[in-house]
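> Sharing run_18.cif below, mmCIF, C-alpha atoms and all ligand atoms:
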```
data_data
loop_
_atom_site.label_atom_id
_atom_site.label_comp_id
_atom_site.auth_asym_id
_atom_site.auth_seq_id
_atom_site.Cartn_x
_atom_site.Cartn_y
_atom_site.Cartn_z
CA MET A 223 105.74 102.13 108.21
CA ILE A 224 102.34 103.64 107.42
CA LEU A 225 102.09 106.84 105.38
CA ILE A 226 99.31 109.05 106.73
CA VAL A 227 98.27 111.55 104.12
CA GLY A 228 96.47 114.45 105.73
CA GLY A 229 97.70 113.29 109.12
CA ALA A 230 97.68 116.79 110.63
CA GLY A 231 93.91 117.10 110.30
CA TYR A 232 91.21 116.11 112.74
CA ILE A 233 90.72 112.42 112.01
CA GLY A 234 94.22 111.78 110.60
CA SER A 235 95.95 113.15 113.70
CA HIS A 236 93.92 110.90 115.99
CA VAL A 237 94.58 107.85 113.82
CA ASN A 238 98.29 108.71 113.83
CA LYS A 239 98.29 108.86 117.60
CA VAL A 240 96.46 105.56 118.05
CA LEU A 241 98.69 103.85 115.48
CA ASN A 242 101.79 105.01 117.38
CA GLU A 243 100.28 103.83 120.67
CA ASN A 244 99.81 100.42 119.05
CA GLY A 245 103.43 100.17 117.94
CA TYR A 246 103.10 101.30 114.32
CA ASP A 247 105.71 103.58 112.75
CA THR A 248 104.08 106.42 110.86
CA LEU A 249 105.07 109.19 108.48
CA ILE A 250 102.72 112.10 107.90
CA LEU A 251 102.37 113.95 104.60
CA ASP A 252 100.31 117.12 104.92
CA ASN A 253 100.24 120.44 103.09
CA PHE A 254 98.93 122.22 106.21
CA SER A 255 96.18 123.96 104.26
CA TYR A 256 93.91 122.86 107.09
CA GLY A 257 96.19 120.78 109.33
CA HIS A 258 97.81 121.88 112.60
CA HIS A 259 101.28 121.04 113.87
CA GLU A 260 99.90 121.22 117.43
CA LEU A 261 97.80 118.09 116.77
CA ILE A 262 100.85 115.94 115.95
CA PRO A 263 103.60 116.71 118.47
CA GLY A 264 106.72 114.62 117.87
CA ALA A 265 105.47 113.09 114.62
CA ASP A 266 107.62 112.55 111.52
CA VAL A 267 106.17 114.97 109.00
CA ILE A 268 106.78 115.92 105.40
CA GLU A 269 105.18 119.16 104.36
CA GLY A 270 104.01 118.75 100.79
CA ASP A 271 101.14 118.37 98.42
CA LEU A 272 99.39 115.36 96.95
CA GLY A 273 99.47 117.03 93.56
CA ASP A 274 103.26 116.64 93.59
CA GLY A 275 103.86 113.26 91.93
CA GLU A 276 107.64 113.53 92.19
CA LEU A 277 107.43 114.06 95.93
CA LEU A 278 105.15 111.03 96.28
CA ASP A 279 107.51 108.82 94.28
CA LYS A 280 110.41 110.01 96.39
CA ILE A 281 108.58 109.24 99.63
CA PHE A 282 107.80 105.70 98.45
CA GLN A 283 111.42 105.22 97.36
CA ASP A 284 112.99 106.69 100.51
CA TYR A 285 110.79 105.16 103.23
CA PRO A 286 109.71 101.54 103.85
CA ILE A 287 106.00 102.34 103.40
CA SER A 288 103.84 99.22 103.64
CA GLY A 289 100.48 100.95 103.53
CA VAL A 290 98.80 104.31 103.08
CA MET A 291 95.90 105.90 104.92
CA HIS A 292 94.42 108.86 103.10
CA PHE A 293 92.65 111.62 105.05
CA ALA A 294 93.57 114.65 102.95
CA ALA A 295 90.26 115.92 101.61
CA PHE A 296 87.99 118.92 101.71
CA THR A 297 84.88 118.06 103.69
CA TYR A 298 82.56 121.05 103.70
CA VAL A 299 79.31 119.86 102.13
CA GLY A 300 77.93 123.37 101.60
CA GLU A 301 81.15 124.64 100.02
CA SER A 302 81.25 121.62 97.72
CA VAL A 303 77.94 122.79 96.24
CA THR A 304 79.21 126.32 95.56
CA HIS A 305 82.85 125.43 94.71
CA PRO A 306 82.71 121.95 93.17
CA ILE A 307 86.00 122.30 91.24
CA ARG A 308 87.88 122.53 94.55
CA TYR A 309 86.32 119.23 95.59
CA TYR A 310 86.87 117.28 92.39
CA HIS A 311 90.40 118.60 92.19
CA ASN A 312 91.51 117.93 95.73
CA ASN A 313 89.40 114.92 96.63
CA THR A 314 89.34 113.10 93.31
CA THR A 315 92.22 114.20 91.05
CA ASN A 316 94.80 114.41 93.83
CA THR A 317 93.76 110.99 95.11
CA LEU A 318 94.26 109.59 91.62
CA ASN A 319 97.76 111.05 91.75
CA LEU A 320 98.44 109.29 95.05
CA LEU A 321 97.09 105.97 93.78
CA GLN A 322 99.17 106.20 90.60
CA SER A 323 102.30 106.71 92.64
CA MET A 324 101.42 103.85 95.01
CA ILE A 325 100.86 101.45 92.13
CA LYS A 326 104.02 102.58 90.35
CA ASN A 327 106.03 102.02 93.54
CA LYS A 328 104.31 98.73 94.41
CA VAL A 329 102.71 99.86 97.64
CA LYS A 330 99.54 97.83 97.75
CA ASN A 331 97.57 98.49 100.95
CA PHE A 332 95.33 101.54 100.95
CA ILE A 333 92.79 102.79 103.45
CA PHE A 334 90.46 105.43 102.15
CA SER A 335 88.45 107.92 104.17
CA SER A 336 85.11 107.74 102.44
CA THR A 337 81.84 109.08 103.71
CA CYS A 338 78.20 108.28 104.29
CA ALA A 339 77.53 111.17 101.88
CA VAL A 340 77.99 108.61 99.06
CA TYR A 341 74.50 107.26 99.83
CA GLY A 342 72.49 110.44 99.32
CA VAL A 343 68.95 110.45 100.70
CA PRO A 344 68.45 107.06 102.38
CA GLU A 345 65.79 104.74 100.99
CA LYS A 346 66.17 102.52 104.02
CA ILE A 347 67.53 103.17 107.51
CA PRO A 348 69.97 102.13 108.91
CA LEU A 349 72.20 102.43 105.86
CA THR A 350 74.10 99.29 104.93
CA GLU A 351 77.03 99.12 102.52
CA ASN A 352 74.87 97.72 99.71
CA HIS A 353 72.41 100.62 99.81
CA PRO A 354 72.16 102.41 96.42
CA LEU A 355 74.74 105.15 95.94
CA ASN A 356 73.15 108.45 94.89
CA PRO A 357 75.12 111.29 96.49
CA ILE A 358 73.27 114.61 96.48
CA ASN A 359 76.28 116.91 96.77
CA PRO A 360 79.66 117.25 95.01
CA TYR A 361 81.48 116.27 98.21
CA GLY A 362 79.81 112.85 98.19
CA ARG A 363 80.32 112.49 94.44
CA SER A 364 84.02 113.41 94.70
CA LYS A 365 84.44 110.54 97.19
CA LEU A 366 82.28 108.07 95.27
CA MET A 367 84.42 108.63 92.16
CA VAL A 368 87.44 107.56 94.19
CA GLU A 369 85.62 104.45 95.39
CA GLU A 370 84.95 103.56 91.76
CA MET A 371 88.60 104.05 90.82
CA LEU A 372 89.60 101.91 93.76
CA ARG A 373 87.37 99.07 92.64
CA ASP A 374 88.84 99.17 89.13
CA PHE A 375 92.43 99.46 90.36
CA SER A 376 92.07 96.54 92.76
CA ARG A 377 90.92 94.40 89.83
CA ALA A 378 93.66 95.51 87.46
CA TYR A 379 96.70 95.81 89.71
CA ASP A 380 98.34 94.18 92.72
CA PHE A 381 96.49 96.59 94.96
CA ASN A 382 93.97 96.24 97.80
CA TYR A 383 91.92 98.83 99.59
CA ILE A 384 89.46 99.34 102.38
CA SER A 385 87.06 102.18 101.98
CA LEU A 386 85.70 103.42 105.30
CA ARG A 387 82.45 105.31 105.00
CA TYR A 388 82.46 107.53 108.06
CA PHE A 389 79.34 108.91 109.60
CA ASN A 390 79.79 112.11 111.66
CA ALA A 391 83.13 112.12 113.47
CA ALA A 392 83.00 113.85 116.86
CA GLY A 393 84.82 114.10 120.18
CA ALA A 394 88.42 114.42 121.31
CA THR A 395 90.96 112.49 123.37
CA PRO A 396 89.80 112.33 127.03
CA ASP A 397 93.02 114.08 128.12
CA ALA A 398 92.07 116.96 125.76
CA LYS A 399 95.49 116.94 124.11
CA THR A 400 93.95 116.70 120.63
CA GLY A 401 90.52 117.28 119.20
CA GLU A 402 88.48 118.90 116.45
CA TRP A 403 89.99 122.10 115.05
CA HIS A 404 88.70 123.32 111.73
CA GLN A 405 89.21 126.75 110.28
CA PRO A 406 86.62 127.79 109.34
CA GLU A 407 84.47 125.66 111.60
CA THR A 408 81.15 124.59 110.08
CA HIS A 409 80.40 121.42 112.04
CA LEU A 410 77.49 121.25 114.40
CA ILE A 411 79.05 120.15 117.69
CA PRO A 412 82.02 122.58 117.79
CA LEU A 413 79.73 125.43 116.76
CA ILE A 414 77.29 124.63 119.56
CA LEU A 415 80.26 124.53 121.95
CA ASP A 416 81.34 127.94 120.62
CA ALA A 417 77.93 129.21 121.68
CA ALA A 418 78.32 127.54 125.08
CA LEU A 419 81.71 129.22 125.52
CA GLY A 420 80.28 132.57 124.50
CA VAL A 421 82.56 133.03 121.48
CA ARG A 422 79.44 133.14 119.33
CA ASP A 423 75.98 134.37 120.28
CA ARG A 424 73.89 131.41 119.22
CA ILE A 425 73.71 128.26 117.14
CA SER A 426 71.77 128.29 113.87
CA ILE A 427 69.56 125.32 113.10
CA PHE A 428 69.65 124.75 109.35
CA GLY A 429 66.15 123.60 108.49
CA THR A 430 63.24 122.76 110.78
CA ASP A 431 60.92 121.32 108.13
CA TYR A 432 62.65 118.02 107.41
CA PRO A 433 60.56 114.82 107.51
CA THR A 434 61.95 113.85 110.94
CA PRO A 435 60.15 113.78 114.33
CA ASP A 436 61.32 117.28 115.36
CA GLY A 437 61.87 118.65 111.84
CA THR A 438 65.67 118.86 112.10
CA CYS A 439 68.30 116.65 110.44
CA ILE A 440 69.34 113.41 112.07
CA ARG A 441 72.99 112.30 112.07
CA ASP A 442 75.01 109.43 113.51
CA TYR A 443 77.87 110.78 115.65
CA ILE A 444 80.86 108.51 116.15
CA HIS A 445 83.81 109.18 118.45
CA VAL A 446 87.04 109.92 116.58
CA LEU A 447 88.90 107.35 118.71
CA ASP A 448 86.46 104.64 117.63
CA LEU A 449 87.18 105.63 114.04
CA ALA A 450 90.90 105.43 114.79
CA GLN A 451 90.62 101.89 116.17
CA ALA A 452 88.76 100.84 113.03
CA HIS A 453 91.69 102.02 110.89
CA ILE A 454 94.08 99.77 112.76
CA LYS A 455 91.76 96.82 112.35
CA ALA A 456 91.31 97.66 108.68
CA MET A 457 95.08 97.73 108.05
CA GLU A 458 95.48 94.44 109.90
CA TYR A 459 92.70 92.98 107.76
CA LEU A 460 94.40 94.06 104.53
CA GLU A 461 97.76 92.70 105.63
CA LYS A 462 96.21 89.37 106.55
CA ASN A 463 93.54 88.86 103.89
CA ASN A 464 94.75 90.73 100.79
CA LYS A 465 91.14 91.54 100.05
CA SER A 466 89.40 94.82 99.34
CA GLN A 467 86.35 95.80 101.37
CA ILE A 468 83.98 98.66 102.05
CA PHE A 469 82.74 99.33 105.59
CA ASN A 470 80.39 101.79 107.23
CA LEU A 471 81.70 103.28 110.46
CA GLY A 472 78.96 104.75 112.57
CA ASN A 473 77.61 104.61 116.07
CA GLY A 474 74.26 103.21 114.93
CA GLN A 475 72.28 105.87 116.78
CA GLY A 476 70.68 108.93 115.29
CA PHE A 477 70.38 112.35 116.94
CA SER A 478 68.54 115.35 115.56
CA VAL A 479 70.13 118.80 115.55
CA ARG A 480 67.82 119.80 118.41
CA GLU A 481 68.78 116.71 120.40
CA VAL A 482 72.48 117.45 119.94
CA ILE A 483 71.94 121.01 121.17
CA GLU A 484 70.04 119.72 124.20
CA CYS A 485 72.82 117.26 124.98
CA CYS A 486 75.40 120.07 124.75
CA ARG A 487 73.30 122.15 127.20
CA LYS A 488 73.40 119.22 129.61
CA VAL A 489 77.15 118.62 129.26
CA THR A 490 78.20 122.28 129.44
CA GLY A 491 75.57 123.54 131.87
CA GLU A 492 75.14 126.56 129.59
CA ASP A 493 71.89 127.95 128.26
CA ILE A 494 72.66 127.86 124.51
CA GLN A 495 70.62 130.23 122.34
CA VAL A 496 69.29 128.95 119.01
CA GLU A 497 68.12 130.56 115.82
CA GLU A 498 66.06 128.70 113.22
CA GLU A 499 67.26 129.19 109.66
CA ASN A 500 66.64 127.81 106.19
CA ARG A 501 67.98 124.45 105.10
CA ARG A 502 71.64 124.25 104.14
CA LEU A 503 72.34 123.12 100.57
CA GLY A 504 73.15 119.44 100.10
CA ASP A 505 71.93 118.07 103.45
CA PRO A 506 70.04 114.74 103.47
CA PRO A 507 67.38 114.60 106.24
CA VAL A 508 68.73 111.46 107.90
CA LEU A 509 72.11 109.71 107.88
CA LEU A 510 72.26 106.73 110.17
CA GLY A 511 74.43 103.71 109.58
CA SER A 512 74.71 100.05 110.35
CA SER A 513 78.32 99.07 111.09
CA LYS A 514 77.50 95.38 111.42
CA LYS A 515 79.80 94.42 108.56
CA ALA A 516 82.79 96.12 110.22
CA GLU A 517 81.88 94.48 113.53
CA GLU A 518 81.74 91.06 111.94
CA LEU A 519 84.72 91.19 109.56
CA LEU A 520 87.05 93.50 111.48
CA GLY A 521 86.09 92.51 115.01
CA TRP A 522 85.60 96.20 115.74
CA LYS A 523 83.03 97.69 118.08
CA VAL A 524 82.15 101.19 119.13
CA GLU A 525 83.40 101.95 122.64
CA TRP A 526 82.01 105.46 122.91
CA VAL A 527 78.32 104.66 122.83
CA GLU A 528 76.74 107.64 124.60
CA LEU A 529 76.46 110.99 122.84
CA GLU A 530 76.85 112.71 126.21
CA ASP A 531 80.26 111.08 126.75
CA ILE A 532 81.39 111.95 123.23
CA ILE A 533 80.37 115.59 123.71
CA ALA A 534 82.03 115.72 127.14
CA THR A 535 85.41 114.96 125.50
CA ALA A 536 84.72 117.57 122.82
CA TRP A 537 83.82 120.17 125.47
CA LYS A 538 87.00 119.61 127.49
CA TRP A 539 89.11 119.96 124.32
CA HIS A 540 87.11 122.95 123.08
CA LYS A 541 87.86 124.95 126.23
CA LYS A 542 91.54 124.11 125.89
CA LEU A 543 91.53 125.02 122.19
CA TYR A 544 90.41 128.54 123.03
CA ALA A 545 92.62 128.86 126.09
CA ASP A 546 95.82 127.68 124.38
CA TYR A 547 95.55 128.08 120.62
CA LYS A 548 92.82 130.42 119.41
N1 LIG B 601 73.97 122.10 111.28
C1 LIG B 601 73.18 123.09 111.82
N2 LIG B 601 73.79 124.25 112.21
C2 LIG B 601 75.12 124.47 112.09
C3 LIG B 601 75.92 123.42 111.54
C4 LIG B 601 75.31 122.24 111.15
O1 LIG B 601 71.96 122.96 111.94
O2 LIG B 601 75.59 125.55 112.43
C5 LIG B 601 73.34 120.83 110.88
C6 LIG B 601 73.61 120.45 109.42
O3 LIG B 601 72.67 121.07 108.57
C7 LIG B 601 73.49 118.93 109.47
C8 LIG B 601 73.97 118.58 110.88
O4 LIG B 601 73.90 119.79 111.64
O5 LIG B 601 72.14 118.54 109.36
C9 LIG B 601 75.39 118.06 110.93
O6 LIG B 601 76.19 118.96 110.19
P1 LIG B 601 77.76 118.93 110.19
O7 LIG B 601 78.23 120.08 109.34
O8 LIG B 601 78.27 118.86 111.58
O9 LIG B 601 78.15 117.53 109.51
P2 LIG B 601 77.73 116.90 108.08
O10 LIG B 601 76.54 116.01 108.37
O11 LIG B 601 77.45 117.99 107.12
O12 LIG B 601 78.94 116.10 107.71
#
```
Let me see the file written as structure tokens.
Ligand code: UDP

Amino acid sequence: MILIVGGAGYIGSHVNKVLNENGYDTLILDNFSYGHHELIPGADVIEGDLGDGELLDKIFQDYPISGVMHFAAFTYVGESVTHPIRYYHNNTTNTLNLLQSMIKNKVKNFIFSSTCAVYGVPEKIPLTENHPLNPINPYGRSKLMVEEMLRDFSRAYDFNYISLRYFNAAGATPDAKTGEWHQPETHLIPLILDAALGVRDRISIFGTDYPTPDGTCIRDYIHVLDLAQAHIKAMEYLEKNNKSQIFNLGNGQGFSVREVIECCRKVTGEDIQVEEENRRLGDPPVLLGSSKKAEELLGWKVEWVELEDIIATAWKWHKKLYADYK
């Protein structure tokens, strides 16, 4: 049985679903600060907090947990700059708590949701796993600190991990049963889709003076179901090889903010209004990854290659989100 911490959130809920479809038993632990029950119908769930060491010990004693996947983190880059304590507390300290309990209870396989924000401003594109690590915001630093703990723990204890450095997760299941649902929403694609739906007037472009061809930030958008498949492969790898690894998970293609808006216009058929604003704090100009290592060692490959297809799934879900839940 796999324990999915933060399994009621965007990425965790999709990984839970794909794990179940592939025959894995799962148990979700979530405090529902940001998670949604609607994203995990029928799942086994414990409502609780990672800060609660006694609860964690009890879970490991009561259930046959063979591995843990950890998605419970705050992920708002801008907020991490203005409220760093929240980030170090939830993303770093609480993760330490989880790891302590795992090691105490002899649960040795751990998959960590890391981020491309650990790299900072790229010196070389595409980013590979051995690129220098110089995060430029507390969010990235809060995750990098965990990676450093993981490295030390894997050397000291009977404990193995895979750290997955996600690029920008996007999209939803094609049947639109689950998808991206943040409150508040700060991510580019759902906000553009809000503008397409008419629930907001326009999309703001944060910074038009970056050193990129059109002046706006470039990101690598990867479908959430491709991320989910990588988690299964990563768990299989740990079970088979007993060896810790770090992998980038990206699509390998970069799109500027303006290009993403244009693609959303095409998918939705709506004329989306834009407003140019100042840069947002903590944003590197370009984040674009090479996932070659994951392809080679995990035998994983992106299936959702086209941004248009990724956004089409997000659009279908987004309409349903407003019709049924918001
Ligand atoms: N962005 C933007 N307007 C918005 C939200 C985001 O221009 O309303 C930009 C943001 O500055 C970044 C990119 O879109 O360059 C992707 O941001 P997002 O928050 O989706 O993901 P992040 O890269 O921060 O994880």
> What does the list of residues within 9 Å of ligand LIG 601 (chain B) look like if you count only C-alpha atoms and all ligand atoms, written as a VMD selection string?
chain A and resid 297 to 300 337 to 339 389 to 392 407 to 414 425 to 430 438 to 442 478 to 480 482 498 to 499 501 to 509
> Just checking: using all atoms listed in the file, which residue out of A:Val340, A:Lys465, A:Leu471, A:Phe332 ends up closest to A:Tyr443?
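Ranking A:Val340, A:Lys465, A:Leu471, A:Phe332 by distance to A:Tyr443, first place goes to A:Leu471.
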> Write out, as a Markdown table, each residue of stretch 433-517 of chain A that has an atom at most 12 Å from stretch 245-253 of chain A, together with the closest pair of atoms and their distance in Å to one decimal, counting all atoms listed in the file, rows going by chain and rising number.

```
| residue | atom | partner | partner_atom | distance |
| --- | --- | --- | --- | --- |
| A:His453 | CA | A:Tyr246 | CA | 11.9 |
| A:Ile454 | CA | A:Tyr246 | CA | 9.3 |
| A:Met457 | CA | A:Tyr246 | CA | 10.8 |
| A:Glu458 | CA | A:Tyr246 | CA | 11.2 |
```
> Let me make sure I understand: among A:Tyr432, A:Cys485, A:Ile307, A:Lys455, which one has the smallest atom-to-atom distance to A:Asn500 if we use only C-alpha atoms?
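So, comparing all the options, the nearest one is A:Tyr432.
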> When distances are computed from all atoms listed in the file, which of A:Gly231, A:Gly362, A:Leu272, A:Thr304 shows the smallest separation from A:Ser323?
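For A:Ser323, the nearest of the candidates is A:Leu272.
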> Have a look at A:Val329, A:Gly273, A:Glu402, A:Val446 and name the one nearest to A:Pro286; count all atoms listed in the file.
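Residue with the minimum atom-to-atom distance to A:Pro286: A:Val329.
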> Residues near A:Phe381, anyone? I mean within 12 Å using all atoms listed in the file, not counting same-chain ones fewer than 2 positions away, as a PyMOL selection string.
chain A and resi 288-290+321-333+371-379+383-384+460-461+464-466
> Next, dump the selected residues to file, keeping only C-alpha atoms, as a CSV table (one decimal), in the frame of the given file.

```
chain,number,residue,atom,x,y,z
A,288,SER,CA,103.8,99.2,103.6
A,289,GLY,CA,100.5,101.0,103.5
A,290,VAL,CA,98.8,104.3,103.1
A,321,LEU,CA,97.1,106.0,93.8
A,322,GLN,CA,99.2,106.2,90.6
A,323,SER,CA,102.3,106.7,92.6
A,324,MET,CA,101.4,103.8,95.0
A,325,ILE,CA,100.9,101.4,92.1
A,326,LYS,CA,104.0,102.6,90.4
A,327,ASN,CA,106.0,102.0,93.5
A,328,LYS,CA,104.3,98.7,94.4
A,329,VAL,CA,102.7,99.9,97.6
A,330,LYS,CA,99.5,97.8,97.8
A,331,ASN,CA,97.6,98.5,101.0
A,332,PHE,CA,95.3,101.5,101.0
A,333,ILE,CA,92.8,102.8,103.4
A,371,MET,CA,88.6,104.0,90.8
A,372,LEU,CA,89.6,101.9,93.8
A,373,ARG,CA,87.4,99.1,92.6
A,374,ASP,CA,88.8,99.2,89.1
A,375,PHE,CA,92.4,99.5,90.4
A,376,SER,CA,92.1,96.5,92.8
A,377,ARG,CA,90.9,94.4,89.8
A,378,ALA,CA,93.7,95.5,87.5
A,379,TYR,CA,96.7,95.8,89.7
A,383,TYR,CA,91.9,98.8,99.6
A,384,ILE,CA,89.5,99.3,102.4
A,460,LEU,CA,94.4,94.1,104.5
A,461,GLU,CA,97.8,92.7,105.6
A,464,ASN,CA,94.8,90.7,100.8
A,465,LYS,CA,91.1,91.5,100.0
A,466,SER,CA,89.4,94.8,99.3
```
> For A:Ser512, which of A:Ile347, A:Val303, A:Leu278, A:Leu320 is the closest residue, counting all atoms listed in the file?
A:Ile347
> What is the atom CA of A:Leu419 to atom CA of A:Phe477 distance in Å?
22.1 Å
> Working from the structure I just supplied, which lacks atoms in stretch 279-296 of chain A, can you model N, CA and C atoms there and output them as a short mmCIF file (atom, residue, chain, number, x, y, z; two decimals), keeping the file's coordinate frame?

```cif
data_model
loop_
_atom_site.label_atom_id
_atom_site.label_comp_id
_atom_site.auth_asym_id
_atom_site.auth_seq_id
_atom_site.Cartn_x
_atom_site.Cartn_y
_atom_site.Cartn_z
N ASP A 279 106.58 109.89 94.69
CA ASP A 279 107.51 108.82 94.28
C ASP A 279 108.71 108.77 95.20
N LYS A 280 109.21 109.94 95.54
CA LYS A 280 110.41 110.01 96.39
C LYS A 280 110.13 109.44 97.78
N ILE A 281 108.95 109.77 98.31
CA ILE A 281 108.58 109.24 99.63
C ILE A 281 108.54 107.70 99.57
N PHE A 282 107.90 107.16 98.53
CA PHE A 282 107.80 105.70 98.45
C PHE A 282 109.16 105.05 98.21
N GLN A 283 110.07 105.79 97.57
CA GLN A 283 111.42 105.22 97.36
C GLN A 283 112.30 105.35 98.61
N ASP A 284 112.10 106.42 99.37
CA ASP A 284 112.99 106.69 100.51
C ASP A 284 112.57 106.00 101.81
N TYR A 285 111.28 105.71 101.96
CA TYR A 285 110.79 105.16 103.23
C TYR A 285 110.18 103.76 103.00
N PRO A 286 110.28 102.89 104.01
CA PRO A 286 109.71 101.54 103.85
C PRO A 286 108.19 101.54 104.10
N ILE A 287 107.45 102.20 103.20
CA ILE A 287 106.00 102.34 103.40
C ILE A 287 105.29 101.05 103.00
N SER A 288 104.55 100.47 103.96
CA SER A 288 103.84 99.22 103.64
C SER A 288 102.36 99.48 103.36
N GLY A 289 101.88 100.63 103.77
CA GLY A 289 100.48 100.95 103.53
C GLY A 289 100.23 102.44 103.67
N VAL A 290 99.13 102.88 103.07
CA VAL A 290 98.80 104.31 103.08
C VAL A 290 97.39 104.49 103.63
N MET A 291 97.25 105.48 104.49
CA MET A 291 95.90 105.90 104.92
C MET A 291 95.71 107.34 104.43
N HIS A 292 94.58 107.59 103.82
CA HIS A 292 94.42 108.86 103.10
C HIS A 292 93.26 109.70 103.69
N PHE A 293 93.65 110.74 104.40
CA PHE A 293 92.65 111.62 105.05
C PHE A 293 92.57 113.00 104.42
N ALA A 294 93.46 113.27 103.45
CA ALA A 294 93.57 114.65 102.95
C ALA A 294 92.42 114.95 101.98
N ALA A 295 91.39 115.59 102.48
CA ALA A 295 90.26 115.92 101.61
C ALA A 295 89.57 117.16 102.15
N PHE A 296 88.88 117.84 101.26
CA PHE A 296 87.99 118.92 101.71
C PHE A 296 86.66 118.28 102.10
#
```
